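Listing of query_23.cif, mmCIF, C-alpha atoms
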data_structure
loop_
_atom_site.label_atom_id
_atom_site.label_comp_id
_atom_site.auth_asym_id
_atom_site.auth_seq_id
_atom_site.Cartn_x
_atom_site.Cartn_y
_atom_site.Cartn_z
CA MET A 1 130.41 78.21 215.11
CA ILE A 2 127.00 79.57 216.01
CA PHE A 3 125.64 82.40 213.85
CA GLY A 4 122.73 84.75 214.49
CA PHE A 5 121.14 86.89 211.77
CA CYS A 6 119.25 90.16 211.91
CA THR A 7 117.73 91.15 208.56
CA LEU A 8 116.32 94.59 207.82
CA GLY A 9 114.61 95.88 204.70
CA CYS A 10 113.33 94.27 201.55
CA LYS A 11 112.61 90.72 200.37
CA VAL A 12 115.92 90.69 198.48
CA ASN A 13 117.72 91.12 201.81
CA GLN A 14 115.64 88.29 203.25
CA TYR A 15 116.57 86.10 200.29
CA GLU A 16 120.26 86.86 200.68
CA THR A 17 120.15 86.15 204.41
CA GLN A 18 118.56 82.76 203.73
CA ALA A 19 121.30 82.08 201.19
CA MET A 20 123.99 82.89 203.76
CA GLU A 21 122.26 80.60 206.26
CA GLN A 22 122.46 77.77 203.77
CA LEU A 23 126.11 78.45 202.93
CA LEU A 24 126.98 78.33 206.61
CA THR A 25 124.98 75.23 207.51
CA SER A 26 126.47 73.40 204.50
CA GLU A 27 129.88 73.98 206.12
CA GLY A 28 128.72 72.53 209.42
CA HIS A 29 127.91 75.76 211.26
CA THR A 30 124.75 76.38 213.27
CA VAL A 31 122.22 79.19 212.78
CA ALA A 32 120.46 80.30 215.96
CA PRO A 33 117.92 83.06 216.74
CA PHE A 34 119.50 86.50 216.86
CA GLY A 35 118.56 86.97 220.51
CA GLU A 36 120.47 83.88 221.67
CA LYS A 37 124.15 83.67 222.56
CA CYS A 38 126.12 83.28 219.31
CA ASP A 39 129.74 83.37 218.23
CA VAL A 40 128.94 85.64 215.28
CA TYR A 41 126.15 88.14 214.71
CA ILE A 42 125.44 89.14 211.11
CA ILE A 43 123.36 92.25 210.53
CA ASN A 44 122.06 92.53 206.95
CA THR A 45 121.13 96.19 206.64
CA CYS A 46 118.80 98.44 204.70
CA SER A 47 119.62 102.04 203.79
CA VAL A 48 116.53 103.16 201.91
CA THR A 49 115.98 106.10 204.30
CA ALA A 50 117.83 107.99 207.02
CA VAL A 51 115.45 106.34 209.49
CA ALA A 52 116.66 102.94 208.28
CA ASP A 53 120.26 104.01 208.92
CA LYS A 54 119.35 105.09 212.44
CA LYS A 55 117.80 101.68 213.07
CA ASN A 56 120.91 99.96 211.69
CA ARG A 57 123.15 101.89 214.07
CA ALA A 58 120.94 101.16 217.07
CA ILE A 59 120.98 97.42 216.39
CA ILE A 60 124.75 97.34 215.87
CA ARG A 61 125.39 99.24 219.12
CA ARG A 62 122.92 97.10 221.06
CA CYS A 63 124.46 93.93 219.68
CA ARG A 64 128.01 95.01 220.59
CA LYS A 65 126.97 96.01 224.09
CA ALA A 66 125.11 92.78 224.74
CA ASN A 67 127.78 90.54 223.17
CA PRO A 68 131.19 92.18 223.66
CA ASP A 69 133.13 88.98 222.88
CA ALA A 70 131.19 88.00 219.74
CA ILE A 71 132.18 88.79 216.17
CA ILE A 72 129.95 91.55 214.75
CA ALA A 73 129.64 91.47 210.95
CA VAL A 74 127.59 93.94 208.92
CA CYS A 75 126.60 93.75 205.26
CA GLY A 76 123.94 95.19 202.95
CA CYS A 77 123.10 98.62 201.64
CA TYR A 78 124.14 100.67 204.69
CA PRO A 79 127.87 99.78 204.58
CA GLN A 80 127.67 99.81 200.78
CA ARG A 81 126.67 103.48 201.03
CA ASP A 82 128.79 104.51 204.04
CA ALA A 83 131.33 101.93 205.17
CA ASP A 84 133.18 104.51 207.28
CA ALA A 85 130.09 105.14 209.42
CA VAL A 86 129.76 101.41 210.05
CA ALA A 87 133.46 101.03 210.84
CA ALA A 88 133.16 103.83 213.42
CA LEU A 89 130.75 101.59 215.37
CA GLY A 90 133.51 99.06 216.04
CA VAL A 91 132.30 96.40 213.63
CA ASP A 92 134.70 93.52 213.01
CA VAL A 93 133.79 92.56 209.42
CA ILE A 94 132.11 94.77 206.81
CA GLY A 95 130.71 93.72 203.45
CA GLY A 96 128.46 95.48 200.98
CA SER A 97 125.44 94.38 198.96
CA ASN A 98 127.33 91.87 196.82
CA ASP A 99 129.55 88.75 197.07
CA ARG A 100 128.02 87.15 200.16
CA ALA A 101 130.28 84.09 199.90
CA GLN A 102 133.39 86.30 200.19
CA PHE A 103 131.79 88.16 203.11
CA LEU A 104 131.36 84.87 204.98
CA GLN A 105 134.96 83.89 204.16
CA ASN A 106 136.10 87.21 205.61
CA ILE A 107 134.28 86.40 208.84
CA MET A 108 136.21 83.12 209.06
CA GLU A 109 139.44 84.96 208.35
CA PHE A 110 138.71 87.41 211.18
CA TYR A 111 138.07 84.46 213.50
CA ARG A 112 141.55 83.13 212.71
CA ALA A 113 143.49 86.41 212.68
CA GLU A 114 141.28 88.80 214.72
CA LYS A 115 142.03 91.62 212.31
CA ALA A 116 139.16 93.79 211.07
CA ILE A 117 138.24 93.16 207.43
CA TYR A 118 136.34 95.80 205.45
CA GLN A 119 135.59 94.88 201.83
CA VAL A 120 133.10 96.92 199.80
CA ASP A 121 133.11 97.29 196.01
CA ASN A 122 131.76 100.07 193.78
CA ALA A 123 128.21 98.98 193.00
CA LEU A 124 128.00 101.07 189.82
CA PHE A 125 130.61 98.83 188.15
CA ARG A 126 128.78 95.54 188.73
CA ARG A 127 127.90 93.58 185.61
CA HIS A 128 127.27 90.01 186.77
CA PHE A 129 124.33 88.46 188.60
CA GLU A 130 125.44 86.93 191.89
CA ILE A 131 124.42 83.27 192.12
CA LEU A 132 123.26 82.25 195.58
CA PRO A 133 121.46 79.12 196.82
CA PRO A 134 117.68 79.64 196.87
CA GLY A 135 115.26 78.72 199.63
CA GLY A 136 115.95 78.72 203.33
CA LEU A 137 115.93 76.63 206.45
CA THR A 138 113.24 74.03 207.09
CA GLY A 139 109.71 74.86 208.16
CA ARG A 140 108.83 77.42 205.51
CA THR A 141 106.02 77.06 202.99
CA ARG A 142 107.00 79.58 200.32
CA ALA A 143 110.43 80.28 198.93
CA MET A 144 111.83 83.40 197.35
CA LEU A 145 113.52 83.07 193.99
CA LYS A 146 115.77 86.04 193.26
CA VAL A 147 115.93 86.59 189.51
CA GLN A 148 117.19 90.16 189.23
CA ASP A 149 119.34 92.75 190.99
CA GLY A 150 120.03 96.43 190.53
CA CYS A 151 118.03 99.43 189.32
CA GLN A 152 118.66 102.22 186.83
CA ASN A 153 115.59 104.39 187.41
CA PHE A 154 117.33 106.94 189.68
CA CYS A 155 114.15 108.30 191.27
CA THR A 156 114.93 111.48 193.17
CA TYR A 157 114.13 110.05 196.61
CA CYS A 158 115.96 106.71 196.23
CA ILE A 159 119.54 105.64 197.01
CA ILE A 160 119.14 102.07 195.75
CA PRO A 161 120.72 102.52 192.27
CA TYR A 162 123.89 103.63 194.08
CA THR A 163 123.90 100.78 196.61
CA ARG A 164 122.75 97.98 194.28
CA GLY A 165 124.21 99.04 190.95
CA PRO A 166 122.88 98.50 187.41
CA ILE A 167 120.46 95.80 186.24
CA ARG A 168 121.71 92.20 186.37
CA SER A 169 119.47 89.25 185.55
CA ALA A 170 119.55 85.55 186.29
CA THR A 171 119.43 83.47 183.14
CA VAL A 172 116.30 81.46 182.39
CA GLU A 173 118.35 78.29 182.81
CA LEU A 174 119.55 79.28 186.28
CA ALA A 175 116.08 80.35 187.45
CA VAL A 176 114.51 77.11 186.18
CA GLU A 177 117.21 74.97 187.82
CA GLN A 178 116.73 76.71 191.17
CA ALA A 179 112.92 76.57 190.93
CA LYS A 180 113.02 72.82 190.33
CA ALA A 181 115.29 72.37 193.33
CA LEU A 182 112.88 74.31 195.52
CA GLN A 183 109.93 72.22 194.36
CA GLU A 184 111.85 69.06 195.20
CA LYS A 185 112.39 70.41 198.73
CA GLY A 186 108.62 70.63 199.18
CA TYR A 187 107.96 74.33 198.76
CA GLN A 188 104.47 75.06 197.44
CA GLU A 189 104.97 78.64 196.29
CA LEU A 190 107.68 80.71 194.63
CA VAL A 191 107.91 84.43 195.22
CA ILE A 192 109.68 85.94 192.21
CA THR A 193 111.79 88.70 193.67
CA GLY A 194 114.48 91.22 192.80
CA ILE A 195 115.19 94.91 193.20
CA GLU A 196 113.14 95.75 190.07
CA ILE A 197 111.89 92.53 188.45
CA ALA A 198 110.08 94.34 185.64
CA SER A 199 113.55 95.06 184.21
CA TRP A 200 114.48 91.37 184.15
CA GLY A 201 116.18 90.37 180.91
CA ARG A 202 117.26 93.81 179.67
CA ASP A 203 120.91 92.84 180.13
CA LEU A 204 120.53 89.37 178.59
CA PRO A 205 121.00 88.46 174.90
CA GLY A 206 117.84 89.28 172.95
CA ARG A 207 116.44 91.31 175.89
CA PRO A 208 113.68 88.82 176.77
CA GLY A 209 110.79 90.20 178.83
CA LEU A 210 109.57 89.02 182.22
CA SER A 211 106.73 87.03 180.63
CA VAL A 212 109.35 84.77 178.99
CA LEU A 213 110.81 83.93 182.38
CA LEU A 214 107.40 83.33 183.94
CA GLU A 215 106.38 80.99 181.13
CA ALA A 216 109.58 78.98 181.57
CA LEU A 217 109.13 78.74 185.34
CA SER A 218 105.47 77.75 185.04
CA ALA A 219 106.39 74.93 182.65
CA ALA A 220 109.31 73.79 184.81
CA VAL A 221 107.46 73.55 188.14
CA PRO A 222 103.83 72.60 187.41
CA GLY A 223 101.70 72.63 190.53
CA MET A 224 103.70 75.37 192.23
CA ARG A 225 102.23 78.78 192.84
CA LEU A 226 104.10 81.70 191.28
CA ARG A 227 103.77 85.00 193.10
CA LEU A 228 105.21 88.17 191.62
CA GLY A 229 107.17 90.72 193.56
CA SER A 230 106.77 94.47 193.06
CA LEU A 231 106.17 95.54 189.46
CA GLU A 232 106.85 98.78 187.64
CA PRO A 233 103.45 99.72 186.12
CA ARG A 234 104.71 100.18 182.55
CA ILE A 235 105.29 96.45 182.23
CA ILE A 236 101.52 95.89 182.37
CA THR A 237 100.41 95.82 178.73
CA GLU A 238 97.71 93.94 176.86
CA GLU A 239 100.29 91.47 175.54
CA PHE A 240 101.88 90.94 178.94
CA CYS A 241 98.51 90.24 180.57
CA GLU A 242 97.41 87.88 177.79
CA ARG A 243 100.60 85.85 178.15
CA ILE A 244 100.71 85.51 181.93
CA GLN A 245 96.93 84.98 182.16
CA LYS A 246 97.53 81.53 180.63
CA LEU A 247 99.87 80.41 183.45
CA PRO A 248 97.87 78.12 185.75
CA GLY A 249 99.94 78.70 188.89
CA LEU A 250 100.22 82.47 188.71
CA CYS A 251 98.75 84.15 191.79
CA PRO A 252 96.31 86.98 190.99
CA HIS A 253 98.10 89.40 193.30
CA PHE A 254 99.98 92.32 191.76
CA HIS A 255 102.00 94.81 193.76
CA LEU A 256 102.10 97.75 191.39
CA SER A 257 104.59 100.42 192.42
CA MET A 258 102.94 103.88 192.58
CA GLN A 259 104.43 106.29 195.19
CA SER A 260 102.03 109.14 194.37
CA GLY A 261 98.66 109.63 192.72
CA CYS A 262 99.48 113.15 191.54
CA ASP A 263 101.24 113.86 188.24
CA SER A 264 103.20 116.88 189.43
CA VAL A 265 104.57 114.93 192.42
CA LEU A 266 105.41 111.95 190.20
CA ALA A 267 107.36 114.33 187.95
CA ARG A 268 109.37 115.66 190.91
CA MET A 269 110.05 112.07 191.93
CA LYS A 270 111.21 111.37 188.34
CA ARG A 271 108.94 108.37 188.08
CA LYS A 272 108.65 107.08 184.51
CA TYR A 273 104.84 107.17 184.25
CA ASP A 274 101.89 109.41 185.03
CA THR A 275 98.54 108.64 186.62
CA ASN A 276 96.86 107.95 183.27
CA ARG A 277 99.42 105.25 182.46
CA TYR A 278 99.18 103.85 185.96
CA LEU A 279 95.39 103.66 185.82
CA GLU A 280 95.65 101.94 182.45
CA SER A 281 97.76 99.24 184.09
CA VAL A 282 95.24 98.83 186.91
CA GLN A 283 92.35 98.50 184.47
CA LEU A 284 94.23 95.95 182.35
CA LEU A 285 94.85 93.79 185.41
CA TYR A 286 91.20 93.94 186.50
CA LYS A 287 90.16 93.06 182.93
CA HIS A 288 92.39 90.00 182.62
CA PHE A 289 92.30 88.89 186.28
CA PRO A 290 88.78 89.63 187.62
CA GLY A 291 88.82 89.88 191.40
CA CYS A 292 92.60 90.14 191.57
CA ALA A 293 94.30 91.98 194.41
CA ILE A 294 96.26 95.06 193.38
CA THR A 295 98.42 96.49 196.15
CA THR A 296 100.79 99.43 196.18
CA ASP A 297 103.08 101.80 198.09
CA MET A 298 102.46 105.51 198.60
CA ILE A 299 104.77 108.23 199.88
CA VAL A 300 103.02 111.16 201.53
CA ALA A 301 104.42 114.63 202.25
CA PHE A 302 107.07 114.44 199.54
CA PRO A 303 109.02 117.74 199.36
CA GLY A 304 106.81 120.46 197.92
CA GLU A 305 103.61 118.37 198.01
CA THR A 306 100.76 120.81 198.54
CA GLU A 307 97.52 119.98 200.29
CA GLU A 308 95.79 120.08 196.91
CA GLU A 309 98.29 117.60 195.47
CA PHE A 310 97.82 115.33 198.47
CA GLN A 311 94.04 115.40 198.07
CA GLU A 312 94.49 114.59 194.39
CA SER A 313 96.47 111.50 195.42
CA LEU A 314 93.71 110.41 197.80
CA ARG A 315 91.10 110.71 195.06
CA PHE A 316 93.32 108.72 192.72
CA ILE A 317 93.88 105.77 195.06
CA GLU A 318 90.13 105.51 195.63
CA LYS A 319 89.68 105.35 191.86
CA CYS A 320 92.14 102.43 191.73
CA GLY A 321 90.42 100.46 194.50
CA PHE A 322 93.52 98.87 196.02
CA ALA A 323 93.25 95.68 198.03
CA ASP A 324 95.98 96.89 200.37
CA MET A 325 98.50 99.70 200.64
CA HIS A 326 101.71 100.55 202.45
CA ILE A 327 101.73 104.22 203.39
CA PHE A 328 105.07 105.89 204.11
CA PRO A 329 105.73 109.46 205.22
CA TYR A 330 108.61 110.82 203.15
CA SER A 331 111.92 110.27 204.92
CA ARG A 332 114.96 112.24 203.83
CA ARG A 333 117.79 110.23 202.33
CA PRO A 334 121.10 112.13 202.22
CA GLY A 335 122.77 111.66 198.85
CA THR A 336 119.55 111.88 196.85
CA PRO A 337 118.21 114.94 194.96
CA ALA A 338 114.99 114.98 197.01
CA ASP A 339 116.97 115.57 200.20
CA LYS A 340 117.89 119.05 198.92
CA MET A 341 114.53 119.96 197.42
CA PRO A 342 112.66 122.95 198.86
CA GLY A 343 109.38 122.45 200.67
CA GLN A 344 110.47 119.82 203.21
CA HIS A 345 107.51 119.07 205.47
CA SER A 346 107.29 118.99 209.24
CA ASN A 347 106.76 115.75 211.14
CA GLU A 348 103.31 117.02 212.08
CA THR A 349 102.31 117.32 208.41
CA LYS A 350 103.79 113.91 207.62
CA GLU A 351 101.89 112.27 210.46
CA ASN A 352 98.64 114.04 209.58
CA ARG A 353 98.76 113.02 205.93
CA SER A 354 99.82 109.49 206.82
CA ARG A 355 96.75 109.10 209.06
CA LYS A 356 94.42 110.33 206.34
CA ALA A 357 95.94 108.09 203.67
CA ILE A 358 95.93 105.05 205.98
CA ALA A 359 92.24 105.63 206.72
CA VAL A 360 91.41 105.57 203.00
CA ALA A 361 93.62 102.52 202.46
CA LYS A 362 91.97 100.61 205.33
CA LYS A 363 88.53 101.37 203.97
CA MET A 364 89.48 99.95 200.57
CA ALA A 365 91.19 96.91 202.12
CA ASN A 366 88.14 96.10 204.24
CA ALA A 367 85.86 96.44 201.23
CA TYR A 368 88.06 94.15 199.15
CA ARG A 369 88.20 91.45 201.82
CA GLU A 370 84.50 91.63 202.63
CA ASN A 371 83.72 91.09 198.96
CA MET A 372 85.36 87.67 199.32
CA ALA A 373 82.75 86.45 201.85
CA GLY A 374 80.97 83.36 200.61
CA GLY A 375 83.66 82.56 198.05
CA ARG A 376 85.81 79.45 197.84
CA TYR A 377 89.59 79.75 197.70
CA GLU A 378 92.65 77.52 197.75
CA VAL A 379 94.72 78.44 200.80
CA LEU A 380 98.37 77.64 201.43
CA PHE A 381 98.50 77.11 205.19
CA GLU A 382 101.56 78.20 207.11
CA GLU A 383 101.40 78.15 210.90
CA PRO A 384 99.18 78.17 214.00
CA GLU A 385 98.26 81.52 215.52
CA ASP A 386 96.26 81.99 218.72
CA GLY A 387 94.08 78.92 218.30
CA TYR A 388 93.74 79.20 214.52
CA PHE A 389 95.74 77.93 211.58
CA VAL A 390 96.58 80.72 209.17
CA GLY A 391 97.48 80.83 205.50
CA HIS A 392 97.03 82.93 202.39
CA THR A 393 94.80 82.79 199.36
CA PRO A 394 96.28 83.21 195.86
CA ASN A 395 95.30 86.91 196.04
CA TYR A 396 97.25 87.11 199.31
CA VAL A 397 94.48 87.60 201.81
CA LYS A 398 95.21 86.14 205.24
CA ILE A 399 92.83 83.33 206.18
CA TYR A 400 92.07 82.02 209.67
CA VAL A 401 90.65 78.53 210.18
CA GLN A 402 89.75 76.87 213.47
CA THR A 403 91.08 73.32 213.51
CA GLU A 404 92.86 70.96 215.86
CA GLY A 405 94.92 69.45 213.05
CA CYS A 406 98.23 70.58 211.58
CA LEU A 407 97.73 72.16 208.16
CA HIS A 408 101.30 73.33 207.63
CA ASN A 409 102.38 73.50 203.98
CA GLN A 410 99.09 72.12 202.67
CA ILE A 411 96.97 73.79 200.00
CA LEU A 412 93.34 73.25 200.97
CA SER A 413 89.99 74.56 199.78
CA VAL A 414 88.09 76.83 202.16
CA ARG A 415 84.86 78.77 202.18
CA VAL A 416 85.35 82.33 203.39
CA THR A 417 82.75 83.49 205.91
CA LYS A 418 83.50 86.95 207.36
CA SER A 419 86.09 89.56 208.23
CA PHE A 420 88.35 88.58 211.10
CA ARG A 421 91.35 90.40 212.58
CA ASP A 422 93.65 91.39 209.69
CA GLY A 423 92.09 88.93 207.25
CA MET A 424 89.09 86.66 206.83
CA LEU A 425 87.63 83.77 208.79
CA ALA A 426 86.98 80.59 206.80
CA VAL A 427 85.96 76.94 207.17
CA LEU A 428 87.61 73.99 205.49
CA GLU A 429 85.67 72.45 202.64
CA TYR A 430 86.83 69.09 203.95
CA ILE A 431 88.88 67.90 206.91
CA PRO A 432 92.18 66.34 205.84
CA SER A 433 92.85 62.92 207.37
#
What would the structure in this file look like if it were written as structure tokens?
Amino acid sequence: MIFGFCTLGCKVNQYETQAMEQLLTSEGHTVAPFGEKCDVYIINTCSVTAVADKKNRAIIRRCRKANPDAIIAVCGCYPQRDADAVAALGVDVIGGSNDRAQFLQNIMEFYRAEKAIYQVDNALFRRHFEILPPGGLTGRTRAMLKVQDGCQNFCTYCIIPYTRGPIRSATVELAVEQAKALQEKGYQELVITGIEIASWGRDLPGRPGLSVLLEALSAAVPGMRLRLGSLEPRIITEEFCERIQKLPGLCPHFHLSMQSGCDSVLARMKRKYDTNRYLESVQLLYKHFPGCAITTDMIVAFPGETEEEFQESLRFIEKCGFADMHIFPYSRRPGTPADKMPGQHSNETKENRSRKAIAVAKKMANAYRENMAGGRYEVLFEEPEDGYFVGHTPNYVKIYVQTEGCLHNQILSVRVTKSFRDGMLAVLEYIPS
């Protein structure tokens, strides 16, 4: 059978889609681009906001209209949260955010019996980490290694604890085994991912911290880059930095979850830190990893956010000096406390504040990249793009190099020259033969 995948949302969803691709191809099936004619279309959904749900529905409807005879299967956080809404769209097979192998078996069962199969568990009762094959199809340079699932923070704007369940961690042994397998396949970089990787190990015997896992991975796959996924800022301590600073392959790029730079807004969000603690984390990272890239997310126009609170956030992000930011206008998520909070903002206010925050973020990003000019960096090259070959530095800045050769999946030294498009232009230190 021919399968097409559409993946929405986070890196964990991307990882799980790649795992399903591997499970299918190992059984002799073919994976084709989503836009081509397929026997089965699998839509792996996100449900982090109401806007995400709207996008899910549009894709499902469009897929059914364009491919009336194909099997339409939907999994992920949207059916996990509201399976009835997905069923109402005429979907053939529904799964949640767990047990992908069973979901694929259900698709095969539908193919044989042509009877709709809807199977979604209660995420809050999950206690075991789902083991899936890591990596993906050929042609990729970096692989994601999922080491953790679930979240127990229950921030007021977020539905994820309800759709992903409590914390579950991969064992060190499993993570090491999968990392070694990925290195043998030729991947040059591992992206350590999960729903909330800073909580890794809390459910394991002895409650080991994330640094224990990183040390084990670094020792197991020498020569591979290790890139961290999003981190909760409280994990950044003097001890944590001292331990991971010693790991030769660790990329100096830290995505430090923020959401707001104002203490009163953070309190309404029920985040577990304030701006003083967050800034302490930023300063520790700059101290132990000079020149590192610290990136973050920021929600603007959260319910009740005053103009003064918004301006306070803008001043705070400038103090942090981020290398890049993702700015999101608050989007209501039914089922969360924030959805019923007073002081919901108009779209006009959301758009206005988004523009202002993006302008500050772009200014900081440009300054960070321009400071790299003249420096030498090791770049993992990925693919050609409009006459250039592009890749990323360890601090995750996009690099463009003009060359007639194929640099795919090579780590090469470059000298950065100037700002270019959404990254930096560079020249190779030597031309590979």
| task | For the structure provided, state which residues fall under the PyMOL selection byres ((chain A and resi 267-274) around 12), and present them as number ranges by chain. | result | A: 152-158, 232-236, 257-266, 275-281, 299-300, 302-305, 313, 316, 330, 336-339, 341-343
Original post:
Got a sec to resolve the PyMOL selection byres ((chain A and resi 29) around 12) on this structure and send the residues as a list in words?
Top reply: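 Output of the PyMOL selection byres ((chain A and resi 29) around 12): Met1, Ile2, Phe3, Gly4, Met20, Glu21, Gln22, Leu23, Leu24, Thr25, Ser26, Glu27, Gly28, Thr30, Val31, Ala32, Cys38, Asp39, Val40, Leu104 and Met108 of chain A.
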All residues 12 Å or closer to Glu318 (chain A), all atoms listed in the file, same chain fewer than 3 positions away omitted, as a list in words: Gly261, Leu279, Gln311, Glu312, Ser313, Leu314, Arg315, Gly321, Phe322, Ala323, Asp324, Met325, Ala357, Ile358, Ala359, Val360, Ala361, Lys362, Lys363, Met364, Ala365 and Ala367 of chain A
>> Using Å and a single decimal, report how far CA of Ile107 (chain A) sits from CA of Arg64 (chain A).
In response: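 Value for the CA of Arg64 (chain A)-CA of Ile107 (chain A) distance: 15.9 Å.
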Within 12 Å of region 8-16 of chain A: each region 93-117 of chain A residue with its shortest pair, only C-alpha atoms, as a tab-separated table:
residue	atom	partner	partner_atom	distance
A:Gly96	CA	A:Asn13	CA	11.6
A:Ser97	CA	A:Asn13	CA	8.9
A:Asn98	CA	A:Glu16	CA	9.5
A:Asp99	CA	A:Glu16	CA	10.1
A:Arg100	CA	A:Glu16	CA	7.8
A:Ala101	CA	A:Glu16	CA	10.4
A:Phe103	CA	A:Glu16	CA	11.9
| Top pick for closest residue to Arg227 (chain A), considering A:Thr45, A:Asn409, A:Thr393, A:Ser169 and counting all atoms listed in the file |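 Selected residue with least distance to Arg227 (chain A): A:Thr393.
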- prompt: Got a sec to resolve the PyMOL selection byres ((chain A and resi 420) around 12) on this structure and send the residues as a PyMOL selection string?
  reply: chain A and resi 366+369-370+373+388+390+397-401+416-419+421-426
Test item: residues at most 10 Å from Tyr162 (chain A), only C-alpha atoms, excluding those fewer than 6 positions along its chain, as a compact mmCIF listing (two decimals) with C-alpha atoms, in the coordinates of the input:
# COMPACT_ATOMS: atom_id res chain seq x y z
CA CYS A 77 123.10 98.62 201.64
CA GLN A 80 127.67 99.81 200.78
CA ARG A 81 126.67 103.48 201.03
CA ASN A 122 131.76 100.07 193.78
CA ALA A 123 128.21 98.98 193.00
CA LEU A 124 128.00 101.07 189.82
CA GLY A 150 120.03 96.43 190.53
CA CYS A 151 118.03 99.43 189.32
CA GLN A 152 118.66 102.22 186.83
CA PHE A 154 117.33 106.94 189.68
CA GLY A 335 122.77 111.66 198.85
CA THR A 336 119.55 111.88 196.85
Measure the distance from CA of Ile117 (chain A) to CA of Ile94 (chain A) in Å and round it to one decimal.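 Atom-to-atom, CA of Ile117 (chain A) and CA of Ile94 (chain A) are spaced 6.4 Å apart.
Shortest separation to Gln283 (chain A) among A:Arg243, A:Glu382, A:Leu250, A:Cys320 occurs at residue A:Cys320, atoms counted being all atoms listed in the file.
The gap separating CA of Thr171 (chain A) from CA of Phe129 (chain A) is 8.9 Å, in Å to one decimal.
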Please determine the residues with any atom at most 8 Å from (116.8, 82.4, 193.8) (coordinates as given in the file, with all atoms listed in the file counting) and report them as JSON, numbers by chain.
{"A": [15, 131, 132, 133, 134, 135, 144, 145, 146, 147, 175, 178, 179]}
When you count only C-alpha atoms, which of these residues is closest to Asp53 (chain A): A:Ile327, A:Leu285, A:Ala85, A:Ala66?
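Checking each candidate against Asp53 (chain A), we get A:Ala85 as the closest.
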* Asked: So which one's closest to Ala50 (chain A), A:Gln119, A:Ser230, A:Gln344, A:Ser331? Using all atoms listed in the file, please.
  ->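 Selected residue with least distance to Ala50 (chain A): A:Ser331.
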| Which residue gives the smallest distance to Phe254 (chain A) among A:Ala181, A:Ile59, A:Ala198, A:Cys6, with only C-alpha atoms counted? |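 Answer, going by the shortest atom-to-atom distance: A:Ala198.
Taking only C-alpha atoms into account, Val191 (chain A) lies nearest to A:His253 out of the set A:His253, A:Lys55, A:Arg207, A:Lys350.
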